[in-house]
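Asks: This is input_22.cif (mmCIF, C-alpha atoms).
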data_input
#
loop_
_atom_site.label_atom_id
_atom_site.label_comp_id
_atom_site.auth_asym_id
_atom_site.auth_seq_id
_atom_site.Cartn_x
_atom_site.Cartn_y
_atom_site.Cartn_z
CA MET J 1 86.79 9.31 23.53
CA ARG J 2 87.63 7.37 20.40
CA LYS J 3 89.82 10.23 19.12
CA ASN J 4 91.77 10.35 22.41
CA TYR J 5 92.27 6.57 22.19
CA ARG J 6 93.76 6.91 18.70
CA VAL J 7 96.10 9.72 19.79
CA GLY J 8 97.22 7.77 22.85
CA SER J 9 97.81 4.57 20.89
CA ARG J 10 99.84 6.40 18.27
CA PHE J 11 101.90 8.17 20.91
CA TYR J 12 102.54 4.85 22.65
CA MET J 13 103.57 3.26 19.33
CA ALA J 14 105.91 6.17 18.62
CA LEU J 15 107.59 5.72 22.02
CA ILE J 16 108.11 2.00 21.32
CA PHE J 17 109.70 2.67 17.93
CA LEU J 18 111.85 5.42 19.44
CA PHE J 19 113.06 2.99 22.12
CA LEU J 20 113.86 0.35 19.46
CA TYR J 21 115.56 2.52 16.86
CA ALA J 22 117.16 5.37 18.85
CA PRO J 23 120.42 3.38 19.41
CA ILE J 24 120.61 2.53 15.70
CA LEU J 25 119.93 6.16 14.77
CA LEU J 26 122.69 7.29 17.13
CA LEU J 27 125.07 4.75 15.59
CA VAL J 28 124.26 5.97 12.06
CA VAL J 29 124.74 9.62 13.01
CA PHE J 30 128.13 9.07 14.66
CA SER J 31 129.36 6.99 11.74
CA PHE J 32 129.69 10.37 9.97
CA ASN J 33 131.50 11.99 12.89
CA ASN J 34 134.94 13.41 12.17
CA ALA J 35 136.25 12.59 15.66
CA ASN J 36 137.15 9.31 17.37
CA SER J 37 134.42 9.85 19.94
CA ASN J 38 131.01 8.19 19.91
CA VAL J 39 129.61 10.93 22.13
CA VAL J 40 131.04 14.29 21.02
CA TRP J 41 130.13 15.54 17.53
CA GLN J 42 132.97 17.34 15.74
CA GLY J 43 131.71 17.74 12.21
CA PHE J 44 130.48 15.72 9.25
CA SER J 45 133.02 13.44 7.55
CA LEU J 46 133.26 10.20 5.53
CA ARG J 47 136.55 9.39 7.21
CA TRP J 48 135.42 6.19 8.92
CA TYR J 49 133.92 4.77 5.74
CA GLN J 50 137.27 5.27 4.03
CA GLU J 51 139.06 3.64 6.97
CA LEU J 52 136.56 0.79 6.91
CA PHE J 53 137.24 -0.23 3.33
CA ARG J 54 140.99 0.08 3.89
CA ASP J 55 141.01 -2.16 6.98
CA ARG J 56 141.94 -5.66 5.79
CA GLN J 57 141.01 -7.34 9.07
CA VAL J 58 137.47 -5.97 9.01
CA MET J 59 137.03 -6.82 5.33
CA SER J 60 138.36 -10.34 5.96
CA ALA J 61 135.89 -10.78 8.83
CA VAL J 62 133.02 -9.52 6.66
CA TYR J 63 134.08 -11.87 3.84
CA ASN J 64 134.22 -14.87 6.19
CA THR J 65 130.84 -13.99 7.69
CA LEU J 66 129.11 -13.61 4.33
CA LEU J 67 130.76 -16.71 2.87
CA VAL J 68 129.78 -18.92 5.82
CA SER J 69 126.24 -17.51 5.88
CA VAL J 70 125.68 -17.94 2.13
CA LEU J 71 127.12 -21.47 2.02
CA ALA J 72 125.25 -22.59 5.15
CA THR J 73 122.01 -21.10 3.83
CA ALA J 74 122.42 -22.70 0.39
CA ILE J 75 123.21 -26.16 1.81
CA SER J 76 120.42 -25.95 4.41
CA THR J 77 117.91 -24.81 1.79
CA VAL J 78 118.78 -27.75 -0.45
CA VAL J 79 118.85 -30.34 2.34
CA GLY J 80 115.98 -29.05 4.51
CA PRO J 81 112.93 -29.76 2.27
CA PHE J 82 113.71 -33.50 2.00
CA PRO J 83 113.40 -34.32 5.74
CA ALA J 84 110.37 -32.00 5.85
CA VAL J 85 108.66 -34.09 3.16
CA GLY J 86 109.66 -37.26 5.03
CA LEU J 87 108.18 -35.93 8.28
CA PHE J 88 105.02 -34.88 6.46
CA GLY J 89 104.49 -38.43 5.22
CA MET J 90 105.04 -40.07 8.63
CA ARG J 91 102.41 -41.13 11.09
CA ARG J 92 101.81 -38.81 13.98
CA ARG J 93 103.26 -41.12 16.65
CA TRP J 94 106.61 -41.06 14.81
CA ARG J 95 106.45 -37.48 13.52
CA ASP J 96 105.95 -35.75 16.86
CA PRO J 97 109.05 -37.20 18.61
CA ILE J 98 111.24 -36.44 15.57
CA LEU J 99 109.88 -32.87 15.43
CA THR J 100 110.79 -32.51 19.10
CA VAL J 101 114.34 -33.59 18.28
CA ASN J 102 114.37 -31.10 15.36
CA ASN J 103 113.33 -28.29 17.71
CA ILE J 104 116.17 -28.94 20.18
CA PRO J 105 118.79 -26.84 18.29
CA ILE J 106 116.28 -23.99 18.11
CA MET J 107 115.12 -24.06 21.73
CA ASN J 108 118.47 -25.05 23.21
CA ALA J 109 120.71 -22.32 24.64
CA ASP J 110 123.41 -21.22 22.20
CA ILE J 111 126.10 -21.62 24.84
CA VAL J 112 125.15 -25.29 25.30
CA THR J 113 125.07 -25.94 21.55
CA GLY J 114 128.37 -24.13 21.05
CA VAL J 115 130.17 -26.02 23.81
CA ALA J 116 128.72 -29.35 22.64
CA LEU J 117 129.82 -28.78 19.04
CA CYS J 118 133.25 -27.62 20.22
CA ILE J 119 133.76 -30.80 22.26
CA PHE J 120 132.51 -32.94 19.38
CA PHE J 121 134.81 -31.32 16.83
CA VAL J 122 137.81 -31.47 19.17
CA ALA J 123 137.22 -35.20 19.80
CA ALA J 124 136.62 -35.97 16.11
CA ILE J 125 139.71 -34.02 14.99
CA ALA J 126 141.87 -35.64 17.68
CA GLY J 127 140.69 -39.09 16.61
CA TRP J 128 141.33 -38.30 12.93
CA ASN J 129 144.81 -36.97 13.63
CA SER J 130 145.78 -39.89 15.87
CA VAL J 131 144.41 -42.65 13.63
CA VAL J 132 144.48 -41.46 10.02
CA VAL J 133 147.19 -38.79 9.97
CA ASP J 134 149.64 -40.56 12.28
CA GLY J 135 148.97 -43.89 10.58
CA TRP J 136 149.60 -42.50 7.10
CA ASN J 137 152.72 -40.61 8.15
CA GLY J 138 154.03 -43.74 9.87
CA PHE J 139 153.44 -45.74 6.72
CA VAL J 140 155.27 -43.07 4.68
CA THR J 141 158.21 -43.23 7.09
CA TRP J 142 158.36 -47.04 6.76
CA LEU J 143 158.36 -46.78 2.95
CA GLU J 144 161.11 -44.18 3.00
CA GLU J 145 163.26 -46.30 5.31
CA ASN J 146 162.81 -49.59 3.42
CA PHE J 147 162.24 -48.63 -0.21
CA ARG J 148 163.66 -45.13 -0.31
CA ARG J 149 160.44 -43.90 -1.88
CA THR J 150 159.18 -40.43 -1.06
CA LEU J 151 155.44 -39.96 -0.60
CA PRO J 152 153.50 -36.88 0.50
CA ARG J 153 152.82 -36.60 4.19
CA MET J 154 149.45 -35.63 5.63
CA GLY J 155 149.16 -32.54 7.79
CA GLU J 156 147.11 -32.47 10.98
CA VAL J 157 143.54 -31.16 10.84
CA SER J 158 142.44 -28.30 13.11
CA MET J 159 139.29 -26.32 13.78
CA GLY J 160 138.62 -23.56 11.29
CA PHE J 161 136.34 -22.66 8.41
CA THR J 162 135.03 -26.21 7.87
CA THR J 163 133.95 -26.73 11.48
CA LEU J 164 132.38 -23.26 11.50
CA LEU J 165 130.39 -24.07 8.36
CA LEU J 166 129.24 -27.44 9.73
CA ALA J 167 128.11 -25.77 12.95
CA HIS J 168 126.04 -23.19 11.05
CA ILE J 169 124.46 -25.89 8.89
CA SER J 170 123.52 -27.86 12.01
CA PHE J 171 121.33 -25.06 13.39
CA ASP J 172 120.10 -23.71 10.02
CA ILE J 173 118.46 -26.93 8.79
CA PRO J 174 115.82 -27.04 11.58
CA TYR J 175 114.63 -23.55 10.63
CA VAL J 176 114.18 -24.60 7.01
CA ILE J 177 112.24 -27.72 8.08
CA LEU J 178 109.90 -25.69 10.31
CA ASN J 179 109.20 -23.19 7.51
CA VAL J 180 108.51 -25.89 4.90
CA LEU J 181 106.20 -28.09 7.00
CA PRO J 182 103.25 -25.59 7.16
CA LYS J 183 103.27 -25.28 3.36
CA LEU J 184 103.21 -29.07 3.05
CA ARG J 185 100.18 -29.19 5.37
CA GLN J 186 98.41 -26.61 3.18
CA MET J 187 99.10 -28.62 0.04
CA ASP J 188 96.48 -31.04 -1.30
CA ARG J 189 97.94 -34.55 -1.09
CA SER J 190 95.88 -35.66 -4.06
CA LEU J 191 98.06 -33.49 -6.33
CA ILE J 192 100.96 -35.95 -5.95
CA ASP J 193 98.69 -38.92 -6.69
CA ALA J 194 97.24 -37.10 -9.71
CA ALA J 195 100.72 -36.38 -11.07
CA GLN J 196 101.73 -40.02 -10.67
CA ASP J 197 98.51 -41.17 -12.33
CA LEU J 198 99.41 -38.95 -15.30
CA GLY J 199 102.75 -40.72 -15.71
CA CYS J 200 105.15 -38.86 -13.42
CA THR J 201 107.58 -40.76 -11.28
CA TRP J 202 107.74 -39.85 -7.59
CA MET J 203 110.82 -37.68 -8.15
CA GLN J 204 109.20 -35.90 -11.13
CA ALA J 205 106.09 -35.27 -9.02
CA PHE J 206 108.31 -33.93 -6.26
CA TRP J 207 110.08 -31.42 -8.51
CA ARG J 208 107.07 -30.39 -10.62
CA VAL J 209 104.30 -30.44 -8.00
CA VAL J 210 105.66 -30.40 -4.45
CA ILE J 211 108.49 -27.88 -4.92
CA PRO J 212 106.26 -25.18 -6.53
CA GLU J 213 103.72 -25.63 -3.72
CA ILE J 214 106.27 -25.30 -0.91
CA LYS J 215 108.42 -22.65 -2.61
CA PRO J 216 107.27 -19.81 -0.28
CA GLY J 217 108.23 -21.95 2.72
CA ILE J 218 111.64 -22.69 1.21
CA VAL J 219 112.26 -18.97 0.61
CA SER J 220 111.16 -18.11 4.16
CA GLY J 221 113.38 -20.85 5.55
CA ALA J 222 116.35 -19.61 3.53
CA LEU J 223 115.88 -16.03 4.74
CA THR J 224 115.54 -17.20 8.35
CA ALA J 225 118.61 -19.41 8.06
CA PHE J 226 120.66 -16.58 6.54
CA THR J 227 119.56 -14.18 9.28
CA MET J 228 120.42 -16.62 12.08
CA SER J 229 123.74 -17.51 10.47
CA ILE J 230 124.99 -13.99 9.81
CA ASP J 231 123.96 -12.88 13.31
CA ASP J 232 125.41 -15.82 15.26
CA PHE J 233 128.21 -15.20 17.74
CA VAL J 234 128.18 -17.78 20.55
CA ILE J 235 128.27 -20.95 18.42
CA SER J 236 130.74 -19.35 16.00
CA TYR J 237 132.99 -18.36 18.88
CA PHE J 238 133.33 -21.98 20.04
CA THR J 239 133.67 -23.59 16.60
CA SER J 240 135.54 -21.05 14.45
CA GLY J 241 139.08 -21.98 15.47
CA THR J 242 141.41 -19.64 13.60
CA THR J 243 138.63 -18.26 11.34
CA GLN J 244 137.36 -14.87 12.43
CA THR J 245 133.83 -13.70 11.66
CA LEU J 246 132.48 -10.18 12.07
CA PRO J 247 130.72 -10.76 15.44
CA ILE J 248 133.90 -12.35 16.82
CA TYR J 249 136.00 -9.46 15.52
CA ILE J 250 133.69 -6.88 17.10
CA TYR J 251 133.76 -8.80 20.38
CA SER J 252 137.56 -8.76 20.35
CA MET J 253 137.45 -4.98 19.86
CA THR J 254 135.17 -4.46 22.88
CA ARG J 255 137.94 -5.67 25.18
CA LYS J 256 139.95 -2.56 24.30
CA ARG J 257 137.97 0.10 22.44
CA ILE J 258 135.34 0.04 19.72
CA SER J 259 136.56 1.91 16.67
CA PRO J 260 134.10 4.21 14.84
CA GLU J 261 134.76 1.98 11.83
CA ILE J 262 132.22 -0.38 13.38
CA ASN J 263 129.66 2.44 13.27
CA ALA J 264 130.27 2.78 9.55
CA LEU J 265 130.12 -0.98 9.01
CA SER J 266 126.91 -1.29 11.03
CA THR J 267 125.38 1.55 9.02
CA VAL J 268 126.24 -0.18 5.74
CA LEU J 269 124.69 -3.45 6.97
CA PHE J 270 121.59 -1.64 8.24
CA VAL J 271 121.08 0.15 4.92
CA CYS J 272 121.51 -3.12 2.98
CA ILE J 273 118.92 -4.85 5.16
CA MET J 274 116.49 -1.96 4.78
CA LEU J 275 116.89 -2.02 0.99
CA LEU J 276 116.32 -5.79 0.99
CA LEU J 277 113.15 -5.42 3.07
CA ILE J 278 111.86 -2.64 0.80
CA ILE J 279 112.48 -4.79 -2.30
CA ILE J 280 110.69 -7.77 -0.72
CA ASN J 281 107.70 -5.66 0.39
CA VAL J 282 107.40 -3.99 -3.01
CA ARG J 283 107.53 -7.37 -4.74
CA GLN J 284 104.90 -8.84 -2.42
CA GLY J 285 102.69 -5.82 -2.98
CA ARG J 286 102.93 -6.24 -6.75
CA GLU J 287 102.12 -9.95 -6.50
CA GLU J 288 99.08 -9.21 -4.33
CA ARG J 289 97.84 -6.58 -6.79
CA ARG J 290 98.32 -9.01 -9.69
CA ALA J 291 96.41 -11.71 -7.81
CA LYS J 292 93.53 -9.33 -7.03
CA LYS J 293 93.47 -8.17 -10.65
CA ALA J 294 93.36 -11.76 -11.88
CA GLU J 295 90.46 -12.52 -9.50
CA ARG J 296 88.50 -9.49 -10.74
CA GLU J 297 89.08 -10.55 -14.36
CA ARG J 298 87.84 -14.06 -13.60
CA ALA J 299 84.78 -12.66 -11.87
#
Would you give me this structure, written as structure tokens?
Replies:
Amino acid sequence: MRKNYRVGSRFYMALIFLFLYAPILLLVVFSFNNANSNVVWQGFSLRWYQELFRDRQVMSAVYNTLLVSVLATAISTVVGPFPAVGLFGMRRRWRDPILTVNNIPIMNADIVTGVALCIFFVAAIAGWNSVVVDGWNGFVTWLEENFRRTLPRMGEVSMGFTTLLLAHISFDIPYVILNVLPKLRQMDRSLIDAAQDLGCTWMQAFWRVVIPEIKPGIVSGALTAFTMSIDDFVISYFTSGTTQTLPIYIYSMTRKRISPEINALSTVLFVCIMLLLIIINVRQGREERRAKKAERERA
């Protein structure tokens, strides 16, 4: 009975993994297809990988996606731990409502967040252009007419890379906060008091005591933020302006026909992610073995 249960559970697990990874496997296989079809196999070829690295539009979209994701992750990782520490030190009656507000960008529908940010950026840019830009250019015109002095004019601001980056930062920071808070709860609060009693200022105690304790949470938050940022489409679509990211570029291709170049690009991304996961798992395994070895030596 127990043996049949094991066979059945393994078969059920195999079906689940087949359901999850069969589309990706099909995509990887047809990235090496010599034909334009994603259904009919006509021989092995690296043609689409060559076309991929020659396509400037795809490479530009990949560059924009990676640049926005890296910058948003870096800024969110630097900014996120500070409000997390502030929330950790608050009383519960104040902390819980603020945590609810922090969870809104995570729980809220992407379409609502994207439209809201789009309206906000459009209103802010319109106000800037009407007040600052028009005011400065009017002042320049008055100087040129009265004093015959030429000054540089200010161009109008529009939605683009900056608004896209700000939008990604706005939904990345909550993920960093939520990953750092559990590590702060696990930390012994007396460590900060002990560091200050030994002569550290609060900032020195923060960098030398708090940061090492919450470092795993910061790393987890950074990885989560990077994953959410590089995968985002809806919010990017409403806030990107003239800047084109990879999800937006692929969406624009689906209106006509998806090129097999996307199969090659998806395969490259999938392999990179798999290598990253393998490196992380190997590193964690080594750290666990070192920790167990240190415990045995102490015993």
Asks: Which is closest to Gly89 in chain J among J:Val219, J:Leu181, J:Leu27, J:Ala35, if we use all atoms listed in the file?
Replies: J:Leu181
Asks: Considering all atoms listed in the file, state which residue in the set J:Ala61, J:Ile248, J:Leu178, J:Leu18 is at the smallest distance from Thr100 in chain J.
Replies: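 Using all atoms listed in the file, the shortest distance to Thr100 in chain J belongs to J:Leu178.
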Asks: Could you state which residues are captured by the PyMOL selection byres ((chain J and resi 62-74) around 9) in this file, as a ChimeraX atom specification?
Replies: /J:57-61,75-79,161,164-170,172-173,221-231,243-247
Asks: Keeping only C-alpha atoms, write the selected residues as a CSV table (one decimal), keeping the file's coordinate frame.
Replies:
chain,number,residue,atom,x,y,z
J,57,GLN,CA,141.0,-7.3,9.1
J,58,VAL,CA,137.5,-6.0,9.0
J,59,MET,CA,137.0,-6.8,5.3
J,60,SER,CA,138.4,-10.3,6.0
J,61,ALA,CA,135.9,-10.8,8.8
J,75,ILE,CA,123.2,-26.2,1.8
J,76,SER,CA,120.4,-26.0,4.4
J,77,THR,CA,117.9,-24.8,1.8
J,78,VAL,CA,118.8,-27.8,-0.4
J,79,VAL,CA,118.8,-30.3,2.3
J,161,PHE,CA,136.3,-22.7,8.4
J,164,LEU,CA,132.4,-23.3,11.5
J,165,LEU,CA,130.4,-24.1,8.4
J,166,LEU,CA,129.2,-27.4,9.7
J,167,ALA,CA,128.1,-25.8,13.0
J,168,HIS,CA,126.0,-23.2,11.0
J,169,ILE,CA,124.5,-25.9,8.9
J,170,SER,CA,123.5,-27.9,12.0
J,172,ASP,CA,120.1,-23.7,10.0
J,173,ILE,CA,118.5,-26.9,8.8
J,221,GLY,CA,113.4,-20.8,5.6
J,222,ALA,CA,116.4,-19.6,3.5
J,223,LEU,CA,115.9,-16.0,4.7
J,224,THR,CA,115.5,-17.2,8.4
J,225,ALA,CA,118.6,-19.4,8.1
J,226,PHE,CA,120.7,-16.6,6.5
J,227,THR,CA,119.6,-14.2,9.3
J,228,MET,CA,120.4,-16.6,12.1
J,229,SER,CA,123.7,-17.5,10.5
J,230,ILE,CA,125.0,-14.0,9.8
J,231,ASP,CA,124.0,-12.9,13.3
J,243,THR,CA,138.6,-18.3,11.3
J,244,GLN,CA,137.4,-14.9,12.4
J,245,THR,CA,133.8,-13.7,11.7
J,246,LEU,CA,132.5,-10.2,12.1
J,247,PRO,CA,130.7,-10.8,15.4
Asks: Work out how far CA of Met159 in chain J is from CA of Val131 in chain J, in Å to one decimal.
Replies: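 Straight-line distance from CA of Val131 in chain J to CA of Met159 in chain J works out to 17.1 Å.
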Asks: Please report the interatomic distance between CA of Arg255 in chain J and CA of Val234 in chain J in Å with one decimal.
Replies: 16.2 Å
Asks: Calculated over only C-alpha atoms, which of the candidates J:Asp110, J:Glu261, J:Asp96, J:Asp188 has the smallest distance to Tyr49 in chain J?
Replies: J:Glu261
Asks: Report the distance between CA of Phe121 in chain J and CA of Thr242 in chain J in Å, rounded to one decimal place.
Replies: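 Value for the CA of Phe121 in chain J-CA of Thr242 in chain J distance: 13.8 Å.
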Asks: Measuring atom to atom with all atoms listed in the file, identify which of J:Val209, J:Ile98, J:Ile235, J:Leu269 is nearest to Ala84 in chain J.
Replies: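 Checking each of J:Val209, J:Ile98, J:Ile235, J:Leu269 against Ala84 in chain J, counting all atoms listed in the file, the winner is J:Ile98.
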Asks: Nearest to Ala109 in chain J: which of J:Ile211, J:Phe171, J:Gly43, J:Arg290 is it, counting only C-alpha atoms?
Replies: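 Using only C-alpha atoms, the shortest distance to Ala109 in chain J belongs to J:Phe171.
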Asks: Any chance you could resolve the PyMOL selection byres ((chain J and resi 192) around 10) against this file and give the residues as a PyMOL selection string?
Replies: chain J and resi 187-191+193-198+200-202+204-206+208-210
Asks: Could you please take those selected residues and save C-alpha atoms as a PDB file, in the frame of the given file?
Replies:
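Full text of part_29.pdb as output:
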ATOM      1  CA  MET J 187      99.100 -28.620   0.040  1.00  0.00           C
ATOM      2  CA  ASP J 188      96.480 -31.040  -1.300  1.00  0.00           C
ATOM      3  CA  ARG J 189      97.940 -34.550  -1.090  1.00  0.00           C
ATOM      4  CA  SER J 190      95.880 -35.660  -4.060  1.00  0.00           C
ATOM      5  CA  LEU J 191      98.060 -33.490  -6.330  1.00  0.00           C
ATOM      6  CA  ASP J 193      98.690 -38.920  -6.690  1.00  0.00           C
ATOM      7  CA  ALA J 194      97.240 -37.100  -9.710  1.00  0.00           C
ATOM      8  CA  ALA J 195     100.720 -36.380 -11.070  1.00  0.00           C
ATOM      9  CA  GLN J 196     101.730 -40.020 -10.670  1.00  0.00           C
ATOM     10  CA  ASP J 197      98.510 -41.170 -12.330  1.00  0.00           C
ATOM     11  CA  LEU J 198      99.410 -38.950 -15.300  1.00  0.00           C
ATOM     12  CA  CYS J 200     105.150 -38.860 -13.420  1.00  0.00           C
ATOM     13  CA  THR J 201     107.580 -40.760 -11.280  1.00  0.00           C
ATOM     14  CA  TRP J 202     107.740 -39.850  -7.590  1.00  0.00           C
ATOM     15  CA  GLN J 204     109.200 -35.900 -11.130  1.00  0.00           C
ATOM     16  CA  ALA J 205     106.090 -35.270  -9.020  1.00  0.00           C
ATOM     17  CA  PHE J 206     108.310 -33.930  -6.260  1.00  0.00           C
ATOM     18  CA  ARG J 208     107.070 -30.390 -10.620  1.00  0.00           C
ATOM     19  CA  VAL J 209     104.300 -30.440  -8.000  1.00  0.00           C
ATOM     20  CA  VAL J 210     105.660 -30.400  -4.450  1.00  0.00           C
TER      21      VAL J 210
END
Asks: Need to verify the contact set: Arg47 in chain J, 10 Å, all atoms listed in the file, exclusion of same-chain residues closer than 2 positions in sequence. Can you return it as an mmCIF file with C-alpha atoms, in the frame of the given file?
Replies:
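Output file result_38.cif follows:
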data_model
loop_
_atom_site.group_PDB
_atom_site.id
_atom_site.type_symbol
_atom_site.label_atom_id
_atom_site.label_comp_id
_atom_site.auth_asym_id
_atom_site.auth_seq_id
_atom_site.Cartn_x
_atom_site.Cartn_y
_atom_site.Cartn_z
ATOM 1 C CA SER J 31 129.360 6.990 11.740
ATOM 2 C CA PHE J 32 129.690 10.370 9.970
ATOM 3 C CA ASN J 33 131.500 11.990 12.890
ATOM 4 C CA ASN J 34 134.940 13.410 12.170
ATOM 5 C CA ALA J 35 136.250 12.590 15.660
ATOM 6 C CA PHE J 44 130.480 15.720 9.250
ATOM 7 C CA SER J 45 133.020 13.440 7.550
ATOM 8 C CA TYR J 49 133.920 4.770 5.740
ATOM 9 C CA GLN J 50 137.270 5.270 4.030
ATOM 10 C CA GLU J 51 139.060 3.640 6.970
ATOM 11 C CA LEU J 52 136.560 0.790 6.910
ATOM 12 C CA PRO J 260 134.100 4.210 14.840
ATOM 13 C CA GLU J 261 134.760 1.980 11.830
ATOM 14 C CA ALA J 264 130.270 2.780 9.550
#
Asks: Between J:Met203, J:Gly80, J:Tyr251, J:Val101, which has the minimum distance to Ile177 in chain J (counting all atoms listed in the file)?
Replies: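 Answer, going by the shortest atom-to-atom distance: J:Gly80.
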Asks: Just say which residues the PyMOL selection byres ((chain J and resi 125) around 12) picks in this file, as a list in words.
Replies: Leu117, Cys118, Ile119, Phe120, Phe121, Val122, Ala123, Ala124, Ala126, Gly127, Trp128, Asn129, Ser130, Val131, Val132, Val133, Gly155, Glu156, Val157, Ser158, Met159, Gly160, Thr162 and Thr163 of chain J
Asks: Missing atoms in range 238-245 of chain J need filling: write out all heavy atoms for it as a PDB file, in the frame of the given file.
Replies:
ATOM      1  N   PHE J 238     132.811 -20.703  19.553  1.00  0.00           N
ATOM      2  CA  PHE J 238     133.330 -21.980  20.040  1.00  0.00           C
ATOM      3  C   PHE J 238     133.786 -22.907  18.920  1.00  0.00           C
ATOM      4  O   PHE J 238     134.489 -23.879  19.184  1.00  0.00           O
ATOM      5  CB  PHE J 238     132.268 -22.694  20.883  1.00  0.00           C
ATOM      6  CG  PHE J 238     132.098 -22.124  22.260  1.00  0.00           C
ATOM      7  CD1 PHE J 238     131.075 -21.242  22.528  1.00  0.00           C
ATOM      8  CD2 PHE J 238     132.959 -22.463  23.279  1.00  0.00           C
ATOM      9  CE1 PHE J 238     130.912 -20.695  23.790  1.00  0.00           C
ATOM     10  CE2 PHE J 238     132.807 -21.932  24.551  1.00  0.00           C
ATOM     11  CZ  PHE J 238     131.785 -21.043  24.810  1.00  0.00           C
ATOM     12  N   THR J 239     133.373 -22.656  17.690  1.00  0.00           N
ATOM     13  CA  THR J 239     133.670 -23.590  16.600  1.00  0.00           C
ATOM     14  C   THR J 239     134.504 -22.988  15.479  1.00  0.00           C
ATOM     15  O   THR J 239     134.822 -23.691  14.522  1.00  0.00           O
ATOM     16  CB  THR J 239     132.366 -24.131  15.998  1.00  0.00           C
ATOM     17  OG1 THR J 239     131.578 -23.038  15.497  1.00  0.00           O
ATOM     18  CG2 THR J 239     131.552 -24.899  17.026  1.00  0.00           C
ATOM     19  N   SER J 240     134.853 -21.713  15.571  1.00  0.00           N
ATOM     20  CA  SER J 240     135.540 -21.050  14.450  1.00  0.00           C
ATOM     21  C   SER J 240     137.025 -21.372  14.380  1.00  0.00           C
ATOM     22  O   SER J 240     137.621 -21.280  13.301  1.00  0.00           O
ATOM     23  CB  SER J 240     135.356 -19.535  14.550  1.00  0.00           C
ATOM     24  OG  SER J 240     135.906 -19.048  15.760  1.00  0.00           O
ATOM     25  N   GLY J 241     137.644 -21.733  15.486  1.00  0.00           N
ATOM     26  CA  GLY J 241     139.080 -21.980  15.470  1.00  0.00           C
ATOM     27  C   GLY J 241     139.855 -20.722  15.120  1.00  0.00           C
ATOM     28  O   GLY J 241     139.761 -19.694  15.795  1.00  0.00           O
ATOM     29  N   THR J 242     140.616 -20.790  14.035  1.00  0.00           N
ATOM     30  CA  THR J 242     141.410 -19.640  13.600  1.00  0.00           C
ATOM     31  C   THR J 242     140.638 -18.707  12.660  1.00  0.00           C
ATOM     32  O   THR J 242     141.139 -17.641  12.302  1.00  0.00           O
ATOM     33  CB  THR J 242     142.681 -20.120  12.879  1.00  0.00           C
ATOM     34  OG1 THR J 242     142.312 -20.965  11.780  1.00  0.00           O
ATOM     35  CG2 THR J 242     143.569 -20.910  13.823  1.00  0.00           C
ATOM     36  N   THR J 243     139.444 -19.090  12.242  1.00  0.00           N
ATOM     37  CA  THR J 243     138.630 -18.260  11.340  1.00  0.00           C
ATOM     38  C   THR J 243     137.897 -17.203  12.146  1.00  0.00           C
ATOM     39  O   THR J 243     137.262 -17.516  13.151  1.00  0.00           O
ATOM     40  CB  THR J 243     137.629 -19.123  10.565  1.00  0.00           C
ATOM     41  OG1 THR J 243     138.322 -20.145   9.858  1.00  0.00           O
ATOM     42  CG2 THR J 243     136.837 -18.279   9.577  1.00  0.00           C
ATOM     43  N   GLN J 244     137.963 -15.979  11.703  1.00  0.00           N
ATOM     44  CA  GLN J 244     137.360 -14.870  12.430  1.00  0.00           C
ATOM     45  C   GLN J 244     136.186 -14.298  11.644  1.00  0.00           C
ATOM     46  O   GLN J 244     136.335 -13.873  10.499  1.00  0.00           O
ATOM     47  CB  GLN J 244     138.391 -13.775  12.693  1.00  0.00           C
ATOM     48  CG  GLN J 244     137.969 -12.759  13.737  1.00  0.00           C
ATOM     49  CD  GLN J 244     139.098 -11.830  14.122  1.00  0.00           C
ATOM     50  OE1 GLN J 244     139.770 -11.280  13.262  1.00  0.00           O
ATOM     51  NE2 GLN J 244     139.317 -11.650  15.404  1.00  0.00           N
ATOM     52  N   THR J 245     135.004 -14.306  12.263  1.00  0.00           N
ATOM     53  CA  THR J 245     133.830 -13.700  11.660  1.00  0.00           C
ATOM     54  C   THR J 245     133.638 -12.288  12.226  1.00  0.00           C
ATOM     55  O   THR J 245     134.325 -11.885  13.177  1.00  0.00           O
ATOM     56  CB  THR J 245     132.574 -14.536  11.931  1.00  0.00           C
ATOM     57  OG1 THR J 245     132.367 -14.624  13.359  1.00  0.00           O
ATOM     58  CG2 THR J 245     132.736 -15.939  11.365  1.00  0.00           C
TER      59      THR J 245
END
